[in-house]
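As provided, my_file.cif (mmCIF, C-alpha atoms) reads as follows.
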data_entry
#
loop_
_atom_site.label_atom_id
_atom_site.label_comp_id
_atom_site.auth_asym_id
_atom_site.auth_seq_id
_atom_site.Cartn_x
_atom_site.Cartn_y
_atom_site.Cartn_z
CA MET A 1 160.34 71.63 96.69
CA SER A 2 156.90 73.08 95.95
CA THR A 3 154.81 75.01 98.40
CA GLU A 4 151.05 74.82 98.20
CA GLN A 5 149.21 77.99 98.91
CA THR A 6 145.76 77.95 100.39
CA PRO A 7 143.37 79.86 98.10
CA VAL A 8 141.91 82.95 99.65
CA ILE A 9 138.16 83.25 99.21
CA ASP A 10 136.67 86.70 99.55
CA LYS A 11 133.63 86.61 101.75
CA PRO A 12 130.68 88.60 100.46
CA PRO A 13 129.83 91.65 102.52
CA PRO A 14 127.06 91.15 105.07
CA PRO A 15 123.65 92.26 103.87
CA ALA A 16 122.56 95.69 104.88
CA ALA A 17 120.52 95.71 108.01
CA ALA A 18 116.87 96.49 107.48
CA PRO A 19 115.78 99.75 109.03
CA PRO A 20 113.90 99.37 112.28
CA GLY A 21 110.14 99.29 112.06
CA GLY A 22 108.57 102.68 112.48
CA HIS A 23 106.58 105.25 110.65
CA GLU A 24 106.32 104.55 106.95
CA PRO A 25 104.76 107.28 104.81
CA ARG A 26 101.69 106.44 102.79
CA PHE A 27 101.91 105.80 99.08
CA TRP A 28 101.28 108.88 96.94
CA SER A 29 98.67 108.67 94.24
CA PRO A 30 99.81 109.93 90.81
CA ARG A 31 96.37 111.56 90.30
CA ARG A 32 96.66 111.54 86.53
CA ALA A 33 93.04 112.50 85.88
CA PRO A 34 93.01 115.78 87.91
CA ALA A 35 96.45 116.72 86.59
CA THR A 36 95.32 116.08 83.00
CA VAL A 37 92.12 118.11 83.43
CA VAL A 38 93.96 121.05 84.98
CA ALA A 39 96.68 120.95 82.31
CA VAL A 40 94.12 120.88 79.48
CA LEU A 41 92.11 123.75 80.99
CA VAL A 42 95.22 125.88 81.53
CA LEU A 43 96.47 125.12 78.01
CA VAL A 44 93.14 125.96 76.36
CA THR A 45 92.66 129.17 78.37
CA ALA A 46 96.22 130.36 77.88
CA GLY A 47 96.08 129.52 74.18
CA ALA A 48 92.83 131.41 73.69
CA PHE A 49 94.12 134.53 75.45
CA LEU A 50 97.45 134.36 73.62
CA TYR A 51 95.73 134.05 70.24
CA ASP A 52 93.41 136.95 71.00
CA ILE A 53 96.24 139.20 72.22
CA ALA A 54 98.27 138.39 69.10
CA ALA A 55 95.25 139.20 66.93
CA VAL A 56 94.80 142.58 68.65
CA ARG A 57 98.51 143.36 68.23
CA ALA A 58 98.08 142.58 64.52
CA HIS A 59 95.35 145.28 64.36
CA HIS A 60 92.46 142.80 64.29
CA PRO A 61 89.41 143.27 66.52
CA ALA A 62 89.37 141.36 69.78
CA MET A 63 87.28 138.23 69.90
CA HIS A 64 83.66 138.62 70.93
CA TRP A 65 83.95 136.52 74.11
CA ARG A 66 86.81 138.65 75.46
CA ARG A 67 85.00 141.90 74.72
CA GLU A 68 81.88 140.54 76.40
CA LEU A 69 83.90 139.33 79.39
CA ALA A 70 85.59 142.71 79.80
CA ARG A 71 82.23 144.49 79.53
CA GLN A 72 80.62 142.21 82.10
CA LEU A 73 83.52 142.63 84.53
CA ALA A 74 83.41 146.41 84.15
CA ALA A 75 79.62 146.64 84.51
CA ARG A 76 78.93 144.20 87.34
CA PRO A 77 79.69 145.23 90.96
CA LEU A 78 81.71 142.95 93.21
CA ASP A 79 78.64 141.99 95.26
CA ASP A 80 76.75 140.79 92.18
CA ILE A 81 75.36 137.28 92.64
CA TRP A 82 77.08 135.88 89.54
CA VAL A 83 80.43 137.37 90.56
CA LEU A 84 80.08 135.77 93.99
CA VAL A 85 79.07 132.44 92.47
CA GLY A 86 82.03 132.48 90.09
CA ALA A 87 84.42 133.43 92.90
CA GLY A 88 83.02 130.65 95.08
CA ILE A 89 83.47 128.06 92.34
CA ALA A 90 87.03 129.22 91.66
CA ALA A 91 87.85 129.14 95.39
CA ALA A 92 86.38 125.63 95.75
CA LEU A 93 88.39 124.35 92.78
CA GLY A 94 91.55 125.94 94.14
CA LEU A 95 90.97 124.42 97.59
CA TRP A 96 90.35 121.02 95.98
CA LEU A 97 93.62 121.25 94.07
CA LEU A 98 95.49 122.26 97.23
CA VAL A 99 94.06 119.28 99.11
CA LEU A 100 95.11 116.97 96.28
CA ALA A 101 98.59 118.50 96.30
CA VAL A 102 99.27 118.05 100.03
CA THR A 103 97.58 114.68 100.68
CA PRO A 104 99.07 111.37 99.53
CA GLY A 105 95.85 109.57 98.63
CA LEU A 106 95.73 105.79 98.14
CA ARG A 107 93.97 105.28 101.47
CA ASP A 108 93.21 101.64 100.57
CA LEU A 109 96.91 100.75 100.42
CA LEU A 110 98.49 100.13 103.84
CA PRO A 111 102.31 100.53 103.98
CA MET A 112 104.27 97.50 105.17
CA ARG A 113 107.49 97.37 107.15
CA ARG A 114 110.63 97.56 105.05
CA THR A 115 112.84 94.50 104.96
CA GLN A 116 115.14 96.08 102.37
CA PRO A 117 116.08 99.77 102.40
CA ASP A 118 115.23 100.34 98.72
CA VAL A 119 112.05 98.24 98.50
CA ARG A 120 108.60 99.37 99.59
CA ALA A 121 105.53 97.17 99.79
CA GLY A 122 101.89 97.72 100.59
CA LEU A 123 98.85 95.63 101.44
CA ARG A 124 95.37 96.44 100.21
CA ARG A 125 92.93 97.16 103.01
CA ASP A 126 90.23 94.84 101.68
CA ALA A 127 92.74 91.98 101.44
CA ALA A 128 93.86 92.58 105.03
CA ALA A 129 90.24 92.63 106.21
CA LEU A 130 89.56 89.38 104.34
CA LEU A 131 92.59 87.78 105.98
CA LEU A 132 91.35 88.77 109.45
CA ARG A 133 87.87 87.47 108.62
CA ASP A 134 89.24 84.10 107.48
CA ARG A 135 91.38 83.76 110.59
CA ALA A 136 88.39 84.56 112.80
CA LEU A 137 86.19 81.99 111.07
CA GLU A 138 88.77 79.31 111.90
CA ILE A 139 87.98 79.68 115.60
CA SER A 140 85.59 77.06 116.96
CA GLY A 141 82.19 78.48 117.79
CA VAL A 142 82.36 81.46 115.40
CA ARG A 143 79.50 81.52 112.91
CA ARG A 144 79.78 84.93 111.29
CA VAL A 145 82.37 87.73 111.28
CA ARG A 146 82.31 91.32 110.11
CA VAL A 147 85.59 93.24 109.81
CA ARG A 148 86.01 96.96 109.25
CA LEU A 149 89.66 97.86 108.85
CA HIS A 150 90.92 101.43 109.10
CA ARG A 151 94.46 102.71 109.05
CA SER A 152 94.80 102.75 112.84
CA ARG A 153 92.10 100.36 114.07
CA ALA A 154 90.52 97.05 113.13
CA HIS A 155 86.89 96.63 114.24
CA VAL A 156 85.82 92.98 114.39
CA LEU A 157 82.30 91.80 115.23
CA ALA A 158 81.95 88.05 115.67
CA VAL A 159 78.79 86.02 116.19
CA SER A 160 79.25 82.87 118.25
CA HIS A 161 76.50 80.24 118.43
CA PHE A 162 78.12 77.93 121.01
CA ARG A 163 80.94 77.91 123.58
CA GLU A 164 81.33 80.51 126.25
CA LEU A 165 81.73 84.03 124.90
CA ASP A 166 84.79 84.68 127.05
CA GLU A 167 86.54 81.61 125.64
CA VAL A 168 85.67 82.56 122.07
CA ARG A 169 86.80 86.14 122.70
CA GLY A 170 90.12 84.97 124.12
CA ASP A 171 90.81 82.66 121.17
CA LEU A 172 89.78 85.35 118.71
CA GLU A 173 91.97 87.99 120.33
CA ALA A 174 95.01 85.72 120.25
CA ALA A 175 94.45 84.61 116.65
CA LEU A 176 93.67 88.10 115.31
CA THR A 177 96.61 89.68 117.15
CA ASP A 178 98.95 87.12 115.59
CA ALA A 179 97.36 87.74 112.18
CA ILE A 180 97.80 91.51 112.47
CA HIS A 181 101.47 91.16 113.39
CA ALA A 182 101.99 88.59 110.62
CA MET A 183 100.80 91.10 108.01
CA GLY A 184 104.00 93.07 108.49
CA LEU A 185 102.30 96.46 108.44
CA ALA A 186 104.36 99.49 109.35
CA ARG A 187 101.58 100.68 111.66
CA PRO A 188 99.66 97.63 112.91
CA PRO A 189 96.06 98.62 113.63
CA ALA A 190 94.72 98.32 117.14
CA LEU A 191 92.16 95.57 117.57
CA THR A 192 88.60 96.28 118.71
CA LEU A 193 86.77 92.99 119.21
CA HIS A 194 83.09 92.33 120.02
CA VAL A 195 81.62 88.83 120.38
CA ILE A 196 77.84 88.42 120.54
CA ARG A 197 75.21 85.72 120.35
CA PRO A 198 73.03 85.42 117.24
CA GLY A 199 69.69 87.17 117.45
CA ARG A 200 66.55 85.13 117.98
CA LYS A 201 64.42 84.42 114.92
CA GLY A 202 60.78 85.38 114.95
#

Take the structure in the file and write it out as structure tokens.
Amino acid sequence: MSTEQTPVIDKPPPPAAAPPGGHEPRFWSPRRAPATVVAVLVLVTAGAFLYDIAAVRAHHPAMHWRRELARQLAARPLDDIWVLVGAGIAAALGLWLLVLAVTPGLRDLLPMRRTQPDVRAGLRRDAAALLLRDRALEISGVRRVRVRLHRSRAHVLAVSHFRELDEVRGDLEAALTDAIHAMGLARPPALTLHVIRPGRKG
């Protein structure tokens, strides 16, 4: 007498739950050009000083530019105009590098909500503004639309040539609100909407 055994099928584990929508950090720019410029300048300056110091240690005279630099620094007072100009330029460059180091950059890339924990996505600001403009132009009575999209606010100016302005504004607000939520942005921008009549010609 044979006994049939029911095959046991392992169920795959449930997918990981997506993290709740909230604050998503901005994308960091690699800033290859400033990093390359700074690295080249540091390398050239350090190499020149190292070569000159090695030449002096080998009982060769110091290079003319270093002797002139040392003479100028010893002769000029601290309140000399060229010393102040050089210090101002160095301070401005240092401040610029600090700003680049602590700010993410890529302001035109808006972070989107995560649907997977290890996947990040972004939407270009001009593409989002174009999407809002196209949705607004689908509303009856809208002739022209101008959209300015910032990280926290979307400014929309619509020109309506017929229908009541309140009706057009209501339809626009509903359509644009749905479009903003459909973008899936981590921080949906607040909507500022203005509807006007076209100006008279002549």

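Considering all atoms listed in the file, the residue among A:Pro34, A:Pro25, A:Gly88, A:Pro77 positioned nearest to Ala121 of chain A is A:Pro25.
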
- Name the residues, using the chain letters and numbers of the file, that sit within 9 Å of (78.5, 80.3, 121.5) when counting only C-alpha atoms, and give them as a ChimeraX atom specification. /A:141-143,159-165,168,196-198

Pull the closest atom pair for each residue of segment 14-116 of chain A that gets at most 12 Å from segment 144-151 of chain A, along with the distance in Å to one decimal, counting only C-alpha atoms, ordering rows by chain and then ascending residue number, as CSV.
residue,atom,partner,partner_atom,distance
A:Arg26,CA,A:Arg151,CA,10.3
A:Leu106,CA,A:Arg151,CA,11.4
A:Arg107,CA,A:Arg151,CA,8.0
A:Asp108,CA,A:Arg151,CA,8.6
A:Leu109,CA,A:Arg151,CA,9.2
A:Leu110,CA,A:Arg151,CA,7.1
A:Pro111,CA,A:Arg151,CA,9.6
A:Met112,CA,A:Arg151,CA,11.8

Take the selection from the previous step and output its residues with C-alpha atoms, as a compact mmCIF listing (two decimals), in the frame of the given file.
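Saved file selection.txt follows:
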# COMPACT_ATOMS: atom_id res chain seq x y z
CA ARG A 26 101.69 106.44 102.79
CA LEU A 106 95.73 105.79 98.14
CA ARG A 107 93.97 105.28 101.47
CA ASP A 108 93.21 101.64 100.57
CA LEU A 109 96.91 100.75 100.42
CA LEU A 110 98.49 100.13 103.84
CA PRO A 111 102.31 100.53 103.98
CA MET A 112 104.27 97.50 105.17

- Item | Between atom CA of Val195 of chain A and atom CA of Ile180 of chain A, distance in Å (one decimal) |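 For atom CA of Val195 of chain A relative to atom CA of Ile180 of chain A, the distance reads 18.2 Å.
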
Could you tell me which residues the PyMOL selection byres ((chain A and resi 184) around 12) grabs in this file, written as a short mmCIF file (atom, residue, chain, number, x, y, z; two decimals) with C-alpha atoms, in the coordinates of the input?
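Below is the file part-v1.cif, written as the result:
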data_model
loop_
_atom_site.label_atom_id
_atom_site.label_comp_id
_atom_site.auth_asym_id
_atom_site.auth_seq_id
_atom_site.Cartn_x
_atom_site.Cartn_y
_atom_site.Cartn_z
CA GLY A 21 110.14 99.29 112.06
CA GLY A 22 108.57 102.68 112.48
CA GLU A 24 106.32 104.55 106.95
CA LEU A 110 98.49 100.13 103.84
CA PRO A 111 102.31 100.53 103.98
CA MET A 112 104.27 97.50 105.17
CA ARG A 113 107.49 97.37 107.15
CA ARG A 114 110.63 97.56 105.05
CA THR A 115 112.84 94.50 104.96
CA ARG A 120 108.60 99.37 99.59
CA ALA A 121 105.53 97.17 99.79
CA GLY A 122 101.89 97.72 100.59
CA LEU A 123 98.85 95.63 101.44
CA ALA A 128 93.86 92.58 105.03
CA THR A 177 96.61 89.68 117.15
CA ASP A 178 98.95 87.12 115.59
CA ALA A 179 97.36 87.74 112.18
CA ILE A 180 97.80 91.51 112.47
CA HIS A 181 101.47 91.16 113.39
CA ALA A 182 101.99 88.59 110.62
CA MET A 183 100.80 91.10 108.01
CA LEU A 185 102.30 96.46 108.44
CA ALA A 186 104.36 99.49 109.35
CA ARG A 187 101.58 100.68 111.66
CA PRO A 188 99.66 97.63 112.91
CA PRO A 189 96.06 98.62 113.63
#

- Task: Would you mind reading off the distance between atom CA of Ser152 of chain A and atom CA of Ala129 of chain A, one decimal, in Å?
- Result: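 Calculated distance between atom CA of Ser152 of chain A and atom CA of Ala129 of chain A is 12.9 Å.
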
- Could you expand the PyMOL selection byres ((chain A and resi 103) around 12) into the explicit residues it covers here, written as a list of chain:residue names?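 This file, filtered by the PyMOL selection byres ((chain A and resi 103) around 12), leaves A:Pro25, A:Arg26, A:Phe27, A:Trp28, A:Ser29, A:Pro30, A:Arg31, A:Trp96, A:Leu97, A:Leu98, A:Val99, A:Leu100, A:Ala101, A:Val102, A:Pro104, A:Gly105, A:Leu106, A:Arg107.
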
- Å distance separating atom CA of Asp166 of chain A from atom CA of Thr192 of chain A, one decimal place: 14.8 Å

- Compare A:Ala92, A:Leu176, A:Val38, A:Val56 by their minimum atom-to-atom distance to Leu130 of chain A, counting all atoms listed in the file, and give me the closest one. A:Leu176

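Across A:Leu193, A:His64, A:Gly170, A:Leu93, the tightest approach to Arg133 of chain A is made by A:Leu193 when counting all atoms listed in the file.
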
- Query: Which one is closest to Leu69 of chain A: A:Asp126, A:Ala174, A:Leu131, A:Phe49? Count all atoms listed in the file.
  - Reply: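 Checking each of A:Asp126, A:Ala174, A:Leu131, A:Phe49 against Leu69 of chain A, counting all atoms listed in the file, the winner is A:Phe49.
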
Could you extract segment 23-36 of chain A of the given structure into a file holding all heavy atoms, as a PDB file, in the first residue's frame?
ATOM      1  N   HIS A  23      10.835  62.872   4.569  1.00  0.00           N
ATOM      2  CA  HIS A  23      11.919  63.705   4.054  1.00  0.00           C
ATOM      3  C   HIS A  23      12.944  62.839   3.343  1.00  0.00           C
ATOM      4  O   HIS A  23      13.491  61.900   3.927  1.00  0.00           O
ATOM      5  CB  HIS A  23      12.569  64.461   5.202  1.00  0.00           C
ATOM      6  CG  HIS A  23      13.760  65.256   4.764  1.00  0.00           C
ATOM      7  ND1 HIS A  23      13.646  66.365   3.961  1.00  0.00           N
ATOM      8  CD2 HIS A  23      15.087  65.074   4.997  1.00  0.00           C
ATOM      9  CE1 HIS A  23      14.861  66.851   3.726  1.00  0.00           C
ATOM     10  NE2 HIS A  23      15.737  66.085   4.344  1.00  0.00           N
ATOM     11  N   GLU A  24      13.179  63.146   2.097  1.00  0.00           N
ATOM     12  CA  GLU A  24      14.230  62.480   1.329  1.00  0.00           C
ATOM     13  C   GLU A  24      15.334  63.498   1.071  1.00  0.00           C
ATOM     14  O   GLU A  24      15.062  64.596   0.590  1.00  0.00           O
ATOM     15  CB  GLU A  24      13.695  61.963  -0.004  1.00  0.00           C
ATOM     16  CG  GLU A  24      12.994  60.628   0.085  1.00  0.00           C
ATOM     17  CD  GLU A  24      13.955  59.488   0.373  1.00  0.00           C
ATOM     18  OE1 GLU A  24      15.120  59.558  -0.046  1.00  0.00           O
ATOM     19  OE2 GLU A  24      13.534  58.536   1.039  1.00  0.00           O
ATOM     20  N   PRO A  25      16.575  63.175   1.384  1.00  0.00           N
ATOM     21  CA  PRO A  25      17.649  64.140   1.136  1.00  0.00           C
ATOM     22  C   PRO A  25      17.844  64.376  -0.354  1.00  0.00           C
ATOM     23  O   PRO A  25      17.531  63.528  -1.193  1.00  0.00           O
ATOM     24  CB  PRO A  25      18.877  63.465   1.759  1.00  0.00           C
ATOM     25  CG  PRO A  25      18.550  62.008   1.753  1.00  0.00           C
ATOM     26  CD  PRO A  25      17.064  61.915   1.952  1.00  0.00           C
ATOM     27  N   ARG A  26      18.338  65.544  -0.673  1.00  0.00           N
ATOM     28  CA  ARG A  26      18.612  65.867  -2.065  1.00  0.00           C
ATOM     29  C   ARG A  26      19.793  65.056  -2.580  1.00  0.00           C
ATOM     30  O   ARG A  26      20.612  64.552  -1.811  1.00  0.00           O
ATOM     31  CB  ARG A  26      18.921  67.357  -2.202  1.00  0.00           C
ATOM     32  CG  ARG A  26      17.683  68.236  -2.141  1.00  0.00           C
ATOM     33  CD  ARG A  26      18.028  69.674  -1.912  1.00  0.00           C
ATOM     34  NE  ARG A  26      19.023  70.156  -2.869  1.00  0.00           N
ATOM     35  CZ  ARG A  26      19.628  71.335  -2.766  1.00  0.00           C
ATOM     36  NH1 ARG A  26      19.360  72.134  -1.763  1.00  0.00           N
ATOM     37  NH2 ARG A  26      20.505  71.720  -3.663  1.00  0.00           N
ATOM     38  N   PHE A  27      19.868  64.946  -3.891  1.00  0.00           N
ATOM     39  CA  PHE A  27      20.976  64.250  -4.523  1.00  0.00           C
ATOM     40  C   PHE A  27      22.226  65.123  -4.449  1.00  0.00           C
ATOM     41  O   PHE A  27      22.170  66.330  -4.668  1.00  0.00           O
ATOM     42  CB  PHE A  27      20.654  63.927  -5.978  1.00  0.00           C
ATOM     43  CG  PHE A  27      19.580  62.887  -6.141  1.00  0.00           C
ATOM     44  CD1 PHE A  27      18.238  63.251  -6.173  1.00  0.00           C
ATOM     45  CD2 PHE A  27      19.900  61.555  -6.242  1.00  0.00           C
ATOM     46  CE1 PHE A  27      17.246  62.305  -6.322  1.00  0.00           C
ATOM     47  CE2 PHE A  27      18.920  60.591  -6.395  1.00  0.00           C
ATOM     48  CZ  PHE A  27      17.589  60.970  -6.424  1.00  0.00           C
ATOM     49  N   TRP A  28      23.356  64.496  -4.140  1.00  0.00           N
ATOM     50  CA  TRP A  28      24.623  65.224  -4.042  1.00  0.00           C
ATOM     51  C   TRP A  28      25.321  65.241  -5.392  1.00  0.00           C
ATOM     52  O   TRP A  28      25.424  64.225  -6.072  1.00  0.00           O
ATOM     53  CB  TRP A  28      25.537  64.575  -3.005  1.00  0.00           C
ATOM     54  CG  TRP A  28      25.172  64.948  -1.613  1.00  0.00           C
ATOM     55  CD1 TRP A  28      24.174  64.414  -0.840  1.00  0.00           C
ATOM     56  CD2 TRP A  28      25.781  65.955  -0.805  1.00  0.00           C
ATOM     57  NE1 TRP A  28      24.126  65.015   0.375  1.00  0.00           N
ATOM     58  CE2 TRP A  28      25.096  65.966   0.435  1.00  0.00           C
ATOM     59  CE3 TRP A  28      26.827  66.852  -1.011  1.00  0.00           C
ATOM     60  CZ2 TRP A  28      25.439  66.845   1.450  1.00  0.00           C
ATOM     61  CZ3 TRP A  28      27.160  67.721   0.005  1.00  0.00           C
ATOM     62  CH2 TRP A  28      26.476  67.715   1.220  1.00  0.00           C
ATOM     63  N   SER A  29      25.774  66.418  -5.752  1.00  0.00           N
ATOM     64  CA  SER A  29      26.512  66.557  -7.002  1.00  0.00           C
ATOM     65  C   SER A  29      27.949  66.081  -6.794  1.00  0.00           C
ATOM     66  O   SER A  29      28.564  66.380  -5.766  1.00  0.00           O
ATOM     67  CB  SER A  29      26.521  68.021  -7.441  1.00  0.00           C
ATOM     68  OG  SER A  29      27.411  68.210  -8.520  1.00  0.00           O
ATOM     69  N   PRO A  30      28.517  65.341  -7.753  1.00  0.00           N
ATOM     70  CA  PRO A  30      29.916  64.911  -7.601  1.00  0.00           C
ATOM     71  C   PRO A  30      30.905  66.058  -7.679  1.00  0.00           C
ATOM     72  O   PRO A  30      31.997  65.981  -7.131  1.00  0.00           O
ATOM     73  CB  PRO A  30      30.114  63.933  -8.762  1.00  0.00           C
ATOM     74  CG  PRO A  30      29.062  64.291  -9.760  1.00  0.00           C
ATOM     75  CD  PRO A  30      27.900  64.788  -8.971  1.00  0.00           C
ATOM     76  N   ARG A  31      30.547  67.147  -8.369  1.00  0.00           N
ATOM     77  CA  ARG A  31      31.392  68.345  -8.493  1.00  0.00           C
ATOM     78  C   ARG A  31      32.812  67.974  -8.928  1.00  0.00           C
ATOM     79  O   ARG A  31      33.798  68.263  -8.258  1.00  0.00           O
ATOM     80  CB  ARG A  31      31.433  69.104  -7.169  1.00  0.00           C
ATOM     81  CG  ARG A  31      30.081  69.709  -6.796  1.00  0.00           C
ATOM     82  CD  ARG A  31      30.210  70.674  -5.641  1.00  0.00           C
ATOM     83  NE  ARG A  31      28.963  71.374  -5.417  1.00  0.00           N
ATOM     84  CZ  ARG A  31      28.071  71.058  -4.480  1.00  0.00           C
ATOM     85  NH1 ARG A  31      28.324  70.044  -3.688  1.00  0.00           N
ATOM     86  NH2 ARG A  31      26.969  71.745  -4.337  1.00  0.00           N
ATOM     87  N   ARG A  32      32.906  67.316 -10.047  1.00  0.00           N
ATOM     88  CA  ARG A  32      34.206  66.860 -10.536  1.00  0.00           C
ATOM     89  C   ARG A  32      35.094  68.022 -10.947  1.00  0.00           C
ATOM     90  O   ARG A  32      36.301  67.990 -10.720  1.00  0.00           O
ATOM     91  CB  ARG A  32      33.988  65.909 -11.717  1.00  0.00           C
ATOM     92  CG  ARG A  32      33.261  64.624 -11.346  1.00  0.00           C
ATOM     93  CD  ARG A  32      33.160  63.679 -12.534  1.00  0.00           C
ATOM     94  NE  ARG A  32      32.477  62.449 -12.179  1.00  0.00           N
ATOM     95  CZ  ARG A  32      31.166  62.283 -12.269  1.00  0.00           C
ATOM     96  NH1 ARG A  32      30.409  63.259 -12.715  1.00  0.00           N
ATOM     97  NH2 ARG A  32      30.611  61.138 -11.927  1.00  0.00           N
ATOM     98  N   ALA A  33      34.515  69.056 -11.564  1.00  0.00           N
ATOM     99  CA  ALA A  33      35.342  70.173 -12.039  1.00  0.00           C
ATOM    100  C   ALA A  33      36.007  70.924 -10.889  1.00  0.00           C
ATOM    101  O   ALA A  33      37.232  71.118 -10.904  1.00  0.00           O
ATOM    102  CB  ALA A  33      34.495  71.115 -12.895  1.00  0.00           C
ATOM    103  N   PRO A  34      35.278  71.375  -9.836  1.00  0.00           N
ATOM    104  CA  PRO A  34      35.981  72.042  -8.726  1.00  0.00           C
ATOM    105  C   PRO A  34      36.991  71.143  -8.038  1.00  0.00           C
ATOM    106  O   PRO A  34      38.077  71.587  -7.665  1.00  0.00           O
ATOM    107  CB  PRO A  34      34.845  72.435  -7.776  1.00  0.00           C
ATOM    108  CG  PRO A  34      33.628  72.478  -8.621  1.00  0.00           C
ATOM    109  CD  PRO A  34      33.821  71.436  -9.664  1.00  0.00           C
ATOM    110  N   ALA A  35      36.645  69.864  -7.863  1.00  0.00           N
ATOM    111  CA  ALA A  35      37.585  68.947  -7.206  1.00  0.00           C
ATOM    112  C   ALA A  35      38.846  68.768  -8.040  1.00  0.00           C
ATOM    113  O   ALA A  35      39.962  68.727  -7.504  1.00  0.00           O
ATOM    114  CB  ALA A  35      36.908  67.597  -6.969  1.00  0.00           C
ATOM    115  N   THR A  36      38.695  68.685  -9.363  1.00  0.00           N
ATOM    116  CA  THR A  36      39.861  68.541 -10.236  1.00  0.00           C
ATOM    117  C   THR A  36      40.736  69.785 -10.198  1.00  0.00           C
ATOM    118  O   THR A  36      41.971  69.697 -10.120  1.00  0.00           O
ATOM    119  CB  THR A  36      39.402  68.263 -11.678  1.00  0.00           C
ATOM    120  OG1 THR A  36      38.585  67.090 -11.693  1.00  0.00           O
ATOM    121  CG2 THR A  36      40.592  68.059 -12.590  1.00  0.00           C
TER     122      THR A  36
END
